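Asks: Below is the file target_0.cif, with mmCIF, C-alpha atoms and all ligand atoms.
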data_entry
loop_
_atom_site.label_atom_id
_atom_site.label_comp_id
_atom_site.auth_asym_id
_atom_site.auth_seq_id
_atom_site.Cartn_x
_atom_site.Cartn_y
_atom_site.Cartn_z
CA MET H 1 0.00 0.00 0.00
CA ASN H 2 1.30 3.48 -0.89
CA LEU H 3 -0.23 6.61 0.53
CA ILE H 4 0.21 10.36 0.66
CA LEU H 5 -0.30 12.30 3.90
CA LEU H 6 -1.27 15.82 2.92
CA GLY H 7 -1.77 18.88 5.09
CA PRO H 8 -0.20 22.21 5.98
CA PRO H 9 2.89 22.57 8.20
CA GLY H 10 2.14 21.21 11.66
CA ALA H 11 -0.94 19.26 10.56
CA GLY H 12 0.55 16.10 12.08
CA LYS H 13 1.89 14.34 8.96
CA GLY H 14 5.18 13.35 10.61
CA THR H 15 3.45 12.29 13.84
CA GLN H 16 1.01 10.01 12.04
CA ALA H 17 3.62 8.69 9.59
CA ALA H 18 5.78 7.56 12.53
CA ARG H 19 2.80 5.67 13.97
CA LEU H 20 2.11 3.96 10.64
CA VAL H 21 5.76 2.88 10.51
CA ALA H 22 5.49 1.41 14.01
CA ASP H 23 2.05 -0.18 13.53
CA ARG H 24 2.23 -1.42 9.94
CA GLY H 25 5.89 -1.68 9.00
CA MET H 26 5.50 0.93 6.27
CA VAL H 27 8.36 3.24 5.27
CA GLN H 28 8.10 6.99 5.90
CA LEU H 29 9.45 9.04 3.01
CA SER H 30 9.67 12.58 4.33
CA THR H 31 11.32 14.97 1.90
CA GLY H 32 11.72 17.45 4.78
CA ASP H 33 13.71 14.86 6.78
CA MET H 34 15.77 13.94 3.72
CA LEU H 35 16.58 17.58 3.05
CA ARG H 36 17.49 18.25 6.71
CA ALA H 37 19.83 15.22 6.60
CA ALA H 38 21.43 16.61 3.43
CA VAL H 39 21.89 20.02 5.10
CA LYS H 40 23.47 18.36 8.15
CA GLU H 41 25.86 16.33 6.01
CA GLY H 42 26.72 19.38 3.87
CA THR H 43 26.01 17.55 0.57
CA PRO H 44 25.56 19.60 -2.66
CA VAL H 45 21.76 19.17 -2.29
CA GLY H 46 21.96 20.34 1.33
CA LEU H 47 24.00 23.39 0.41
CA LYS H 48 21.39 24.38 -2.19
CA ALA H 49 18.41 23.64 0.08
CA LYS H 50 19.44 25.31 3.33
CA ALA H 51 18.62 28.96 2.59
CA VAL H 52 15.37 28.01 0.83
CA MET H 53 14.21 25.94 3.82
CA ASP H 54 15.24 28.58 6.33
CA ALA H 55 13.05 31.06 4.41
CA GLY H 56 10.09 28.64 4.43
CA GLU H 57 10.01 28.41 0.63
CA LEU H 58 9.95 25.28 -1.53
CA VAL H 59 13.08 23.49 -2.71
CA SER H 60 13.18 22.72 -6.45
CA ASP H 61 10.88 20.01 -7.79
CA ALA H 62 13.78 18.20 -9.48
CA ILE H 63 15.75 17.87 -6.24
CA VAL H 64 12.91 16.47 -4.13
CA SER H 65 11.62 14.12 -6.84
CA ALA H 66 15.14 12.68 -7.25
CA LEU H 67 15.31 12.11 -3.49
CA ILE H 68 11.99 10.26 -3.53
CA GLY H 69 13.00 8.02 -6.44
CA GLU H 70 16.29 7.10 -4.70
CA ALA H 71 14.48 6.38 -1.42
CA LEU H 72 11.95 4.10 -3.14
CA ASP H 73 14.79 2.20 -4.77
CA ARG H 74 16.18 1.40 -1.31
CA MET H 75 12.87 -0.15 -0.21
CA GLY H 76 11.79 -3.75 -0.54
CA PRO H 77 9.03 -4.32 -3.16
CA GLU H 78 6.62 -5.55 -0.45
CA GLN H 79 7.05 -2.44 1.74
CA GLY H 80 4.43 0.29 1.56
CA ALA H 81 5.48 3.94 1.29
CA ILE H 82 4.08 6.89 3.21
CA PHE H 83 4.76 10.10 1.32
CA ASP H 84 5.09 12.78 4.00
CA GLY H 85 5.51 16.30 2.64
CA TYR H 86 5.66 15.13 -0.98
CA PRO H 87 4.22 15.93 -3.51
CA ARG H 88 3.90 19.65 -2.80
CA THR H 89 3.35 21.03 -6.31
CA ALA H 90 1.52 19.94 -9.47
CA ALA H 91 4.89 19.16 -11.07
CA GLN H 92 5.82 16.91 -8.13
CA ALA H 93 2.45 15.14 -8.35
CA GLU H 94 3.16 14.42 -12.01
CA SER H 95 6.67 13.19 -11.20
CA LEU H 96 5.31 10.92 -8.48
CA ASP H 97 3.00 9.21 -10.98
CA ALA H 98 5.98 8.47 -13.22
CA ILE H 99 8.25 7.44 -10.32
CA LEU H 100 5.65 4.98 -9.04
CA SER H 101 4.73 3.47 -12.39
CA GLU H 102 8.43 3.00 -13.32
CA ARG H 103 8.69 0.87 -10.16
CA GLY H 104 5.46 -1.08 -10.65
CA ARG H 105 3.77 0.73 -7.77
CA SER H 106 0.54 2.69 -7.56
CA LEU H 107 -1.09 5.11 -5.16
CA ASP H 108 -3.82 3.72 -2.90
CA HIS H 109 -4.78 6.68 -0.69
CA VAL H 110 -4.35 10.41 -0.25
CA ILE H 111 -5.25 11.36 3.30
CA GLU H 112 -5.79 15.05 3.92
CA LEU H 113 -5.39 16.19 7.53
CA GLU H 114 -7.85 19.06 7.90
CA VAL H 115 -6.69 21.64 10.42
CA ASP H 116 -7.27 25.14 11.72
CA GLU H 117 -4.23 27.09 10.51
CA ASP H 118 -4.38 29.53 13.42
CA ALA H 119 -3.76 26.70 15.87
CA LEU H 120 -0.83 25.39 13.88
CA VAL H 121 1.58 28.19 14.69
CA ASP H 122 1.31 27.17 18.33
CA ARG H 123 1.83 23.50 17.48
CA ILE H 124 4.89 24.21 15.40
CA THR H 125 6.65 26.77 17.56
CA GLY H 126 6.21 24.47 20.60
CA ARG H 127 7.63 21.30 19.09
CA PHE H 128 11.05 19.76 19.69
CA THR H 129 12.69 16.41 19.02
CA CYS H 130 15.21 14.15 20.66
CA ALA H 131 18.61 14.98 19.17
CA LYS H 132 19.61 11.30 19.28
CA CYS H 133 16.61 9.25 18.07
CA GLY H 134 14.32 11.92 16.59
CA ALA H 135 11.28 11.18 18.81
CA GLY H 136 8.89 14.15 18.68
CA TYR H 137 7.64 16.24 21.64
CA HIS H 138 5.74 19.43 22.30
CA ASP H 139 6.10 22.04 25.07
CA ARG H 140 2.43 21.63 25.99
CA TYR H 141 0.85 18.68 24.16
CA LYS H 142 3.53 15.99 24.52
CA LEU H 143 6.24 16.44 27.12
CA PRO H 144 8.67 13.59 27.92
CA LYS H 145 7.34 11.39 30.73
CA VAL H 146 10.48 12.06 32.78
CA GLU H 147 11.48 15.70 32.56
CA GLY H 148 14.54 16.24 30.36
CA ALA H 149 14.85 12.59 29.22
CA CYS H 150 13.64 11.11 25.92
CA ASP H 151 10.90 8.49 26.43
CA VAL H 152 12.36 6.32 23.68
CA CYS H 153 16.15 6.38 24.13
CA GLY H 154 16.72 8.29 27.40
CA SER H 155 18.92 10.95 25.76
CA HIS H 156 19.02 14.35 27.49
CA GLU H 157 19.65 16.32 24.31
CA PHE H 158 16.78 17.89 22.39
CA LYS H 159 16.66 20.18 19.37
CA ARG H 160 14.32 22.58 17.55
CA ARG H 161 14.10 23.21 13.80
CA PRO H 162 15.45 26.56 12.55
CA ASP H 163 12.33 27.05 10.37
CA ASP H 164 9.93 26.60 13.32
CA ASN H 165 9.60 30.31 14.11
CA ALA H 166 6.34 32.22 13.68
CA GLU H 167 7.48 34.29 10.68
CA THR H 168 8.79 31.33 8.66
CA VAL H 169 5.74 29.27 9.56
CA ARG H 170 3.53 31.92 7.96
CA THR H 171 5.57 31.71 4.72
CA ARG H 172 5.35 27.88 4.81
CA MET H 173 1.57 28.11 5.17
CA ALA H 174 1.30 30.56 2.28
CA GLU H 175 3.35 28.18 0.15
CA TYR H 176 0.99 25.34 1.11
CA ARG H 177 -2.10 27.34 0.16
CA ALA H 178 -0.65 28.58 -3.14
CA LYS H 179 1.15 25.48 -4.40
CA THR H 180 0.14 22.35 -2.50
CA ALA H 181 -3.59 22.64 -1.77
CA PRO H 182 -4.31 23.01 -5.53
CA ILE H 183 -3.04 19.46 -6.18
CA LEU H 184 -5.88 17.91 -4.16
CA PRO H 185 -8.38 18.01 -7.06
CA ILE H 186 -6.00 15.88 -9.13
CA TYR H 187 -6.37 13.08 -6.60
CA GLU H 188 -10.06 13.78 -5.94
CA GLY H 189 -10.66 13.15 -9.63
CA ARG H 190 -9.17 9.68 -9.15
CA GLY H 191 -11.30 8.96 -6.06
CA LEU H 192 -8.26 8.63 -3.80
CA VAL H 193 -8.86 11.40 -1.23
CA SER H 194 -10.10 10.81 2.34
CA ARG H 195 -10.30 13.58 4.91
CA VAL H 196 -9.46 13.30 8.60
CA ASP H 197 -9.96 15.89 11.33
CA GLY H 198 -6.36 16.77 12.18
CA MET H 199 -7.47 18.90 15.15
CA ALA H 200 -8.65 15.83 17.05
CA GLU H 201 -6.39 14.20 19.63
CA MET H 202 -3.43 12.33 18.17
CA ASP H 203 -4.83 8.87 18.98
CA VAL H 204 -8.19 9.76 17.44
CA VAL H 205 -6.42 10.87 14.26
CA THR H 206 -4.44 7.60 14.24
CA ASP H 207 -7.65 5.56 14.59
CA ALA H 208 -9.36 7.49 11.80
CA ILE H 209 -6.43 6.84 9.45
CA ALA H 210 -6.38 3.14 10.43
CA GLY H 211 -10.11 2.95 9.64
CA ILE H 212 -9.49 4.30 6.14
CA LEU H 213 -6.58 1.95 5.44
CA ASP H 214 -8.42 -1.09 6.81
CA ARG H 215 -11.30 -0.46 4.43
CA THR H 216 -8.92 -0.94 1.47
CA PRO H 217 -10.14 -3.95 -0.52
P1 LIG W 301 8.67 19.49 6.16
O1 LIG W 301 9.69 18.91 7.04
O2 LIG W 301 7.89 18.59 5.27
O3 LIG W 301 7.73 20.41 7.04
P2 LIG W 301 6.16 20.75 6.97
O4 LIG W 301 5.37 20.26 5.83
O5 LIG W 301 6.16 22.20 7.15
O6 LIG W 301 5.57 19.87 8.02
P3 LIG W 301 5.99 19.78 9.48
O7 LIG W 301 7.06 18.73 9.65
O8 LIG W 301 6.29 21.12 10.01
O9 LIG W 301 4.62 19.32 10.15
P4 LIG W 301 3.89 17.94 10.26
O10 LIG W 301 2.61 18.00 9.49
O11 LIG W 301 4.81 16.77 9.99
O12 LIG W 301 3.50 18.01 11.80
P5 LIG W 301 4.07 17.21 13.06
O13 LIG W 301 3.62 15.79 13.00
O14 LIG W 301 5.53 17.46 13.24
O15 LIG W 301 9.35 20.57 5.20
C1 LIG W 301 10.27 21.55 5.68
C2 LIG W 301 10.81 22.35 4.50
O16 LIG W 301 11.53 21.48 3.60
C3 LIG W 301 9.77 23.05 3.63
O17 LIG W 301 9.38 24.30 4.15
C4 LIG W 301 10.55 23.15 2.30
O18 LIG W 301 11.47 24.21 2.33
C5 LIG W 301 11.32 21.85 2.26
N1 LIG W 301 10.58 20.78 1.58
C6 LIG W 301 10.16 19.60 2.15
N2 LIG W 301 9.52 18.84 1.26
C7 LIG W 301 9.49 19.54 0.09
C8 LIG W 301 8.93 19.29 -1.19
N3 LIG W 301 8.26 18.16 -1.46
N4 LIG W 301 9.09 20.24 -2.14
C9 LIG W 301 9.78 21.36 -1.91
N5 LIG W 301 10.32 21.68 -0.70
C10 LIG W 301 10.18 20.77 0.29
O19 LIG W 301 3.26 17.93 14.23
C11 LIG W 301 3.57 19.26 14.62
C12 LIG W 301 3.47 19.38 16.16
O20 LIG W 301 2.11 19.21 16.55
C13 LIG W 301 4.27 18.32 16.91
O21 LIG W 301 4.84 18.90 18.06
C14 LIG W 301 3.23 17.27 17.31
O22 LIG W 301 3.60 16.64 18.52
C15 LIG W 301 1.97 18.12 17.45
N6 LIG W 301 0.78 17.39 17.03
C16 LIG W 301 0.65 16.56 15.94
N7 LIG W 301 -0.61 16.08 15.85
C17 LIG W 301 -1.30 16.64 16.90
C18 LIG W 301 -2.65 16.54 17.35
N8 LIG W 301 -3.56 15.79 16.69
N9 LIG W 301 -2.99 17.28 18.44
C19 LIG W 301 -2.09 18.06 19.12
N10 LIG W 301 -0.79 18.16 18.73
C20 LIG W 301 -0.40 17.48 17.63
#
Would you write the structure of this file as structure tokens?

Replies:
Amino acid sequence: MNLILLGPPGAGKGTQAARLVADRGMVQLSTGDMLRAAVKEGTPVGLKAKAVMDAGELVSDAIVSALIGEALDRMGPEQGAIFDGYPRTAAQAESLDAILSERGRSLDHVIELEVDEDALVDRITGRFTCAKCGAGYHDRYKLPKVEGACDVCGSHEFKRRPDDNAETVRTRMAEYRAKTAPILPIYEGRGLVSRVDGMAEMDVVTDAIAGILDRTP
């Protein structure tokens, strides 16, 4: 099964993708994570992407589509892919069709997380992750069970993303409205879109997504 999680910054795509990985053995393909890894490693892609990401704008279609193709090639044929943060433009949606069909895969679901954008700034500016294992937390909604220690690996080091400030978040949302939301009708025309209330509690969102996937014939 291959699915796209779609929604504006902070909608909960990464949170839900991580749960699908844990619950169903699927593979999360997050172009944001891939780009951040490239920035950290100082690769040519990372050097090109850094300023664009820091400004909250979109990295070029060719770069992200190449990353997705390479990531799919590292997966086993039986593993399902969760596209998290990709596609984000009509050109990327077109590339994804070609990338999938070249590999004998097809798209089964597009799940849109519907959210109230005003609440998202709070979600995003409050989030942080474990610097060692990447587990996600939030200043108010999901604190570590033991203060200062990661629930998963026990590390005491945490980090925040440089693009998680209020000003950049507004640019990221404008990019979503202008370039990403318009691709939904492409998938609606193919009968692939399901909508989930992304403002519900995390577990409720997880159950709603599971309900959609379990209805797949
Ligand atoms: P990317 O990393 O994809 O960021 P994003 O789309 O802005 O999404 P986020 O990771 O911010 O949010 P999310 O929906 O995953 O929410 P999360 O689960 O963390 O992209 C970053 C940048 O890379 C882009 O700006 C661009 O420059 C570049 N880029 C990436 N892909 C690209 C592409 N395809 N083309 C071009 N450029 C690209 O949740 C957020 C917080 O809310 C967390 O703290 C979480 O704990 C909390 N939370 C989640 N769900 C709930 C809930 N139901 N209730 C309460 N709190 C919740």

Asks: Distance limit 6 Å, reference ligand LIG 301 (chain W), atoms considered: all atoms listed in the file. Which residues make the cut? Give them as an MDAnalysis selection string.

Replies: chainID H and resid 8:15 31:33 52:53 56:61 64 85:88 123:124 127 136:138 141 172 198:202

Asks: Here is a test: counting only C-alpha atoms, which residue of H:Met173, H:Ala98, H:Ala71, H:Ala149 is nearest to Asp116 in chain H?

Replies: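 Of all the options, H:Met173 lies closest to Asp116 in chain H.
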
Asks: Would you work out the distance separating CA of Asn2 in chain H from CA of Val39 in chain H, expressed in Å to one decimal?

Replies: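 Taking CA of Asn2 in chain H and CA of Val39 in chain H, their separation equals 27.1 Å.
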
Asks: Given only C-alpha atoms, how would the per-residue table for range 39-146 of chain H near range 17-23 of chain H read, listing every residue at most 10 Å away with its closest atom pair and distance in Å to one decimal, sorted by chain and number, as JSON lines?

Replies:
{"residue": "H:Gly80", "atom": "CA", "partner": "H:Val21", "partner_atom": "CA", "distance": 9.4}
{"residue": "H:Ala81", "atom": "CA", "partner": "H:Val21", "partner_atom": "CA", "distance": 9.3}
{"residue": "H:Ile82", "atom": "CA", "partner": "H:Ala17", "partner_atom": "CA", "distance": 6.6}
{"residue": "H:Phe83", "atom": "CA", "partner": "H:Ala17", "partner_atom": "CA", "distance": 8.5}
{"residue": "H:Asp84", "atom": "CA", "partner": "H:Ala17", "partner_atom": "CA", "distance": 7.1}
{"residue": "H:Ala135", "atom": "CA", "partner": "H:Ala18", "partner_atom": "CA", "distance": 9.1}
{"residue": "H:Gly136", "atom": "CA", "partner": "H:Ala18", "partner_atom": "CA", "distance": 9.5}

Asks: Which of these residues is nearest to Pro162 in chain H, using only C-alpha atoms: H:Ala55, H:Met34, H:Ala181, H:Val45?

Replies: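 Looking at the shortest contact to Pro162 in chain H, the residue is H:Ala55.
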
Asks: At a cut-off of 12 Å, using all atoms listed in the file, what residues contact Leu100 in chain H? Leave out same-chain residues fewer than 2 positions from it and give the result as a list of chain:residue names.

Replies: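 Result of the neighbour search: H:Met1, H:Asn2, H:Leu3, H:Ser65, H:Ile68, H:Gly69, H:Glu70, H:Ala71, H:Leu72, H:Asp73, H:Pro77, H:Gly80, H:Ala81, H:Phe83, H:Gln92, H:Ala93, H:Glu94, H:Ser95, H:Leu96, H:Asp97, H:Ala98, H:Glu102, H:Arg103, H:Gly104, H:Arg105, H:Ser106, H:Leu107, H:Asp108.
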
Asks: Mind giving me the straight-line distance from CA of Ala90 in chain H to CA of Leu184 in chain H in Å, one decimal?

Replies: 9.3 Å

Asks: For each of H:Ala166, H:Ala49, H:Leu29, H:Val196, take the minimum atom-to-atom distance to Asp122 in chain H, counting only C-alpha atoms, then give the residue where this is smallest.

Replies: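 Closest residue, counting only C-alpha atoms: H:Ala166.
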
Asks: Can you work out the spacing between CA of Ala37 in chain H and CA of Ile209 in chain H in Å, to one decimal?

Replies: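 About the pair CA of Ala37 in chain H and CA of Ile209 in chain H: they are 27.7 Å apart.
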
Asks: Can you tell me, as lines of an AutoDock Vina configuration file, the centre and edge lengths (Å, one decimal) of the axis-aligned box enclosing all of range 189-205 of chain H's listed atoms after padding each side by 5 Å?

Replies:
center_x = -7.4
center_y = 13.8
center_z = 5.0
size_x = 17.9
size_y = 20.3
size_z = 39.3

Asks: Of the candidates H:Arg140, H:Lys132, H:Arg161, H:His109, which one gets nearest to Arg36 in chain H if we count only C-alpha atoms?

Replies: H:Arg161

Asks: With distances taken over only C-alpha atoms, which residue among H:Ile4, H:Gly25, H:Tyr176, H:Thr125 lies nearest Asp139 in chain H?

Replies: H:Thr125

Asks: Kindly complete range 150-175 of chain H to N, CA, C and O atoms; the output should be written as a PDB file, in the coordinates of the input.

Replies:
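Done, and the output landed in out02.pdb:
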ATOM      1  N   CYS H 150      14.474  11.641  27.018  1.00  0.00           N
ATOM      2  CA  CYS H 150      13.640  11.110  25.920  1.00  0.00           C
ATOM      3  C   CYS H 150      12.968   9.809  26.356  1.00  0.00           C
ATOM      4  O   CYS H 150      13.630   8.922  26.905  1.00  0.00           O
ATOM      5  N   ASP H 151      11.664   9.711  26.082  1.00  0.00           N
ATOM      6  CA  ASP H 151      10.900   8.490  26.430  1.00  0.00           C
ATOM      7  C   ASP H 151      11.452   7.263  25.723  1.00  0.00           C
ATOM      8  O   ASP H 151      11.384   6.150  26.239  1.00  0.00           O
ATOM      9  N   VAL H 152      11.969   7.464  24.507  1.00  0.00           N
ATOM     10  CA  VAL H 152      12.360   6.320  23.680  1.00  0.00           C
ATOM     11  C   VAL H 152      13.791   5.867  23.978  1.00  0.00           C
ATOM     12  O   VAL H 152      14.046   4.684  24.199  1.00  0.00           O
ATOM     13  N   CYS H 153      14.745   6.816  24.011  1.00  0.00           N
ATOM     14  CA  CYS H 153      16.150   6.380  24.130  1.00  0.00           C
ATOM     15  C   CYS H 153      16.839   6.927  25.387  1.00  0.00           C
ATOM     16  O   CYS H 153      17.997   6.599  25.641  1.00  0.00           O
ATOM     17  N   GLY H 154      16.143   7.786  26.146  1.00  0.00           N
ATOM     18  CA  GLY H 154      16.720   8.290  27.400  1.00  0.00           C
ATOM     19  C   GLY H 154      17.705   9.440  27.234  1.00  0.00           C
ATOM     20  O   GLY H 154      18.226   9.965  28.223  1.00  0.00           O
ATOM     21  N   SER H 155      17.957   9.852  25.978  1.00  0.00           N
ATOM     22  CA  SER H 155      18.920  10.950  25.760  1.00  0.00           C
ATOM     23  C   SER H 155      18.432  12.240  26.447  1.00  0.00           C
ATOM     24  O   SER H 155      17.230  12.465  26.594  1.00  0.00           O
ATOM     25  N   HIS H 156      19.387  13.084  26.842  1.00  0.00           N
ATOM     26  CA  HIS H 156      19.020  14.350  27.490  1.00  0.00           C
ATOM     27  C   HIS H 156      19.180  15.533  26.533  1.00  0.00           C
ATOM     28  O   HIS H 156      19.072  16.683  26.943  1.00  0.00           O
ATOM     29  N   GLU H 157      19.467  15.225  25.279  1.00  0.00           N
ATOM     30  CA  GLU H 157      19.650  16.320  24.310  1.00  0.00           C
ATOM     31  C   GLU H 157      18.447  16.427  23.386  1.00  0.00           C
ATOM     32  O   GLU H 157      18.012  15.431  22.808  1.00  0.00           O
ATOM     33  N   PHE H 158      17.931  17.646  23.250  1.00  0.00           N
ATOM     34  CA  PHE H 158      16.780  17.890  22.390  1.00  0.00           C
ATOM     35  C   PHE H 158      17.119  19.016  21.422  1.00  0.00           C
ATOM     36  O   PHE H 158      18.040  19.790  21.679  1.00  0.00           O
ATOM     37  N   LYS H 159      16.391  19.092  20.310  1.00  0.00           N
ATOM     38  CA  LYS H 159      16.660  20.180  19.370  1.00  0.00           C
ATOM     39  C   LYS H 159      15.356  20.719  18.771  1.00  0.00           C
ATOM     40  O   LYS H 159      14.328  20.025  18.782  1.00  0.00           O
ATOM     41  N   ARG H 160      15.456  21.940  18.229  1.00  0.00           N
ATOM     42  CA  ARG H 160      14.320  22.580  17.550  1.00  0.00           C
ATOM     43  C   ARG H 160      14.733  22.926  16.132  1.00  0.00           C
ATOM     44  O   ARG H 160      15.898  23.224  15.890  1.00  0.00           O
ATOM     45  N   ARG H 161      13.769  22.908  15.193  1.00  0.00           N
ATOM     46  CA  ARG H 161      14.100  23.210  13.800  1.00  0.00           C
ATOM     47  C   ARG H 161      14.258  24.715  13.602  1.00  0.00           C
ATOM     48  O   ARG H 161      13.474  25.492  14.146  1.00  0.00           O
ATOM     49  N   PRO H 162      15.256  25.122  12.773  1.00  0.00           N
ATOM     50  CA  PRO H 162      15.450  26.560  12.550  1.00  0.00           C
ATOM     51  C   PRO H 162      14.276  27.232  11.840  1.00  0.00           C
ATOM     52  O   PRO H 162      14.084  28.446  11.963  1.00  0.00           O
ATOM     53  N   ASP H 163      13.461  26.431  11.095  1.00  0.00           N
ATOM     54  CA  ASP H 163      12.330  27.050  10.370  1.00  0.00           C
ATOM     55  C   ASP H 163      11.043  27.016  11.201  1.00  0.00           C
ATOM     56  O   ASP H 163       9.973  27.340  10.702  1.00  0.00           O
ATOM     57  N   ASP H 164      11.138  26.660  12.473  1.00  0.00           N
ATOM     58  CA  ASP H 164       9.930  26.600  13.320  1.00  0.00           C
ATOM     59  C   ASP H 164       9.708  27.891  14.093  1.00  0.00           C
ATOM     60  O   ASP H 164       9.347  27.870  15.278  1.00  0.00           O
ATOM     61  N   ASN H 165       9.928  29.032  13.468  1.00  0.00           N
ATOM     62  CA  ASN H 165       9.600  30.310  14.110  1.00  0.00           C
ATOM     63  C   ASN H 165       8.364  30.899  13.436  1.00  0.00           C
ATOM     64  O   ASN H 165       8.052  30.545  12.283  1.00  0.00           O
ATOM     65  N   ALA H 166       7.661  31.776  14.141  1.00  0.00           N
ATOM     66  CA  ALA H 166       6.340  32.220  13.680  1.00  0.00           C
ATOM     67  C   ALA H 166       6.382  32.834  12.272  1.00  0.00           C
ATOM     68  O   ALA H 166       5.507  32.568  11.443  1.00  0.00           O
ATOM     69  N   GLU H 167       7.430  33.613  11.980  1.00  0.00           N
ATOM     70  CA  GLU H 167       7.480  34.290  10.680  1.00  0.00           C
ATOM     71  C   GLU H 167       7.633  33.273   9.534  1.00  0.00           C
ATOM     72  O   GLU H 167       6.919  33.319   8.534  1.00  0.00           O
ATOM     73  N   THR H 168       8.564  32.328   9.718  1.00  0.00           N
ATOM     74  CA  THR H 168       8.790  31.330   8.660  1.00  0.00           C
ATOM     75  C   THR H 168       7.576  30.412   8.514  1.00  0.00           C
ATOM     76  O   THR H 168       7.223  30.012   7.397  1.00  0.00           O
ATOM     77  N   VAL H 169       6.927  30.124   9.625  1.00  0.00           N
ATOM     78  CA  VAL H 169       5.740  29.270   9.560  1.00  0.00           C
ATOM     79  C   VAL H 169       4.675  29.924   8.681  1.00  0.00           C
ATOM     80  O   VAL H 169       4.011  29.255   7.880  1.00  0.00           O
ATOM     81  N   ARG H 170       4.539  31.238   8.791  1.00  0.00           N
ATOM     82  CA  ARG H 170       3.530  31.920   7.960  1.00  0.00           C
ATOM     83  C   ARG H 170       3.870  31.778   6.475  1.00  0.00           C
ATOM     84  O   ARG H 170       2.999  31.565   5.641  1.00  0.00           O
ATOM     85  N   THR H 171       5.165  31.898   6.129  1.00  0.00           N
ATOM     86  CA  THR H 171       5.570  31.710   4.720  1.00  0.00           C
ATOM     87  C   THR H 171       5.276  30.276   4.285  1.00  0.00           C
ATOM     88  O   THR H 171       4.765  30.029   3.188  1.00  0.00           O
ATOM     89  N   ARG H 172       5.590  29.292   5.166  1.00  0.00           N
ATOM     90  CA  ARG H 172       5.350  27.880   4.810  1.00  0.00           C
ATOM     91  C   ARG H 172       3.860  27.650   4.562  1.00  0.00           C
ATOM     92  O   ARG H 172       3.476  26.906   3.649  1.00  0.00           O
ATOM     93  N   MET H 173       3.016  28.287   5.362  1.00  0.00           N
ATOM     94  CA  MET H 173       1.570  28.110   5.170  1.00  0.00           C
ATOM     95  C   MET H 173       1.106  28.746   3.858  1.00  0.00           C
ATOM     96  O   MET H 173       0.266  28.177   3.155  1.00  0.00           O
ATOM     97  N   ALA H 174       1.679  29.902   3.540  1.00  0.00           N
ATOM     98  CA  ALA H 174       1.300  30.560   2.280  1.00  0.00           C
ATOM     99  C   ALA H 174       1.718  29.694   1.102  1.00  0.00           C
ATOM    100  O   ALA H 174       0.984  29.563   0.114  1.00  0.00           O
ATOM    101  N   GLU H 175       2.894  29.083   1.204  1.00  0.00           N
ATOM    102  CA  GLU H 175       3.350  28.180   0.150  1.00  0.00           C
ATOM    103  C   GLU H 175       2.382  26.995   0.008  1.00  0.00           C
ATOM    104  O   GLU H 175       2.065  26.571  -1.097  1.00  0.00           O
TER     105      GLU H 175
END
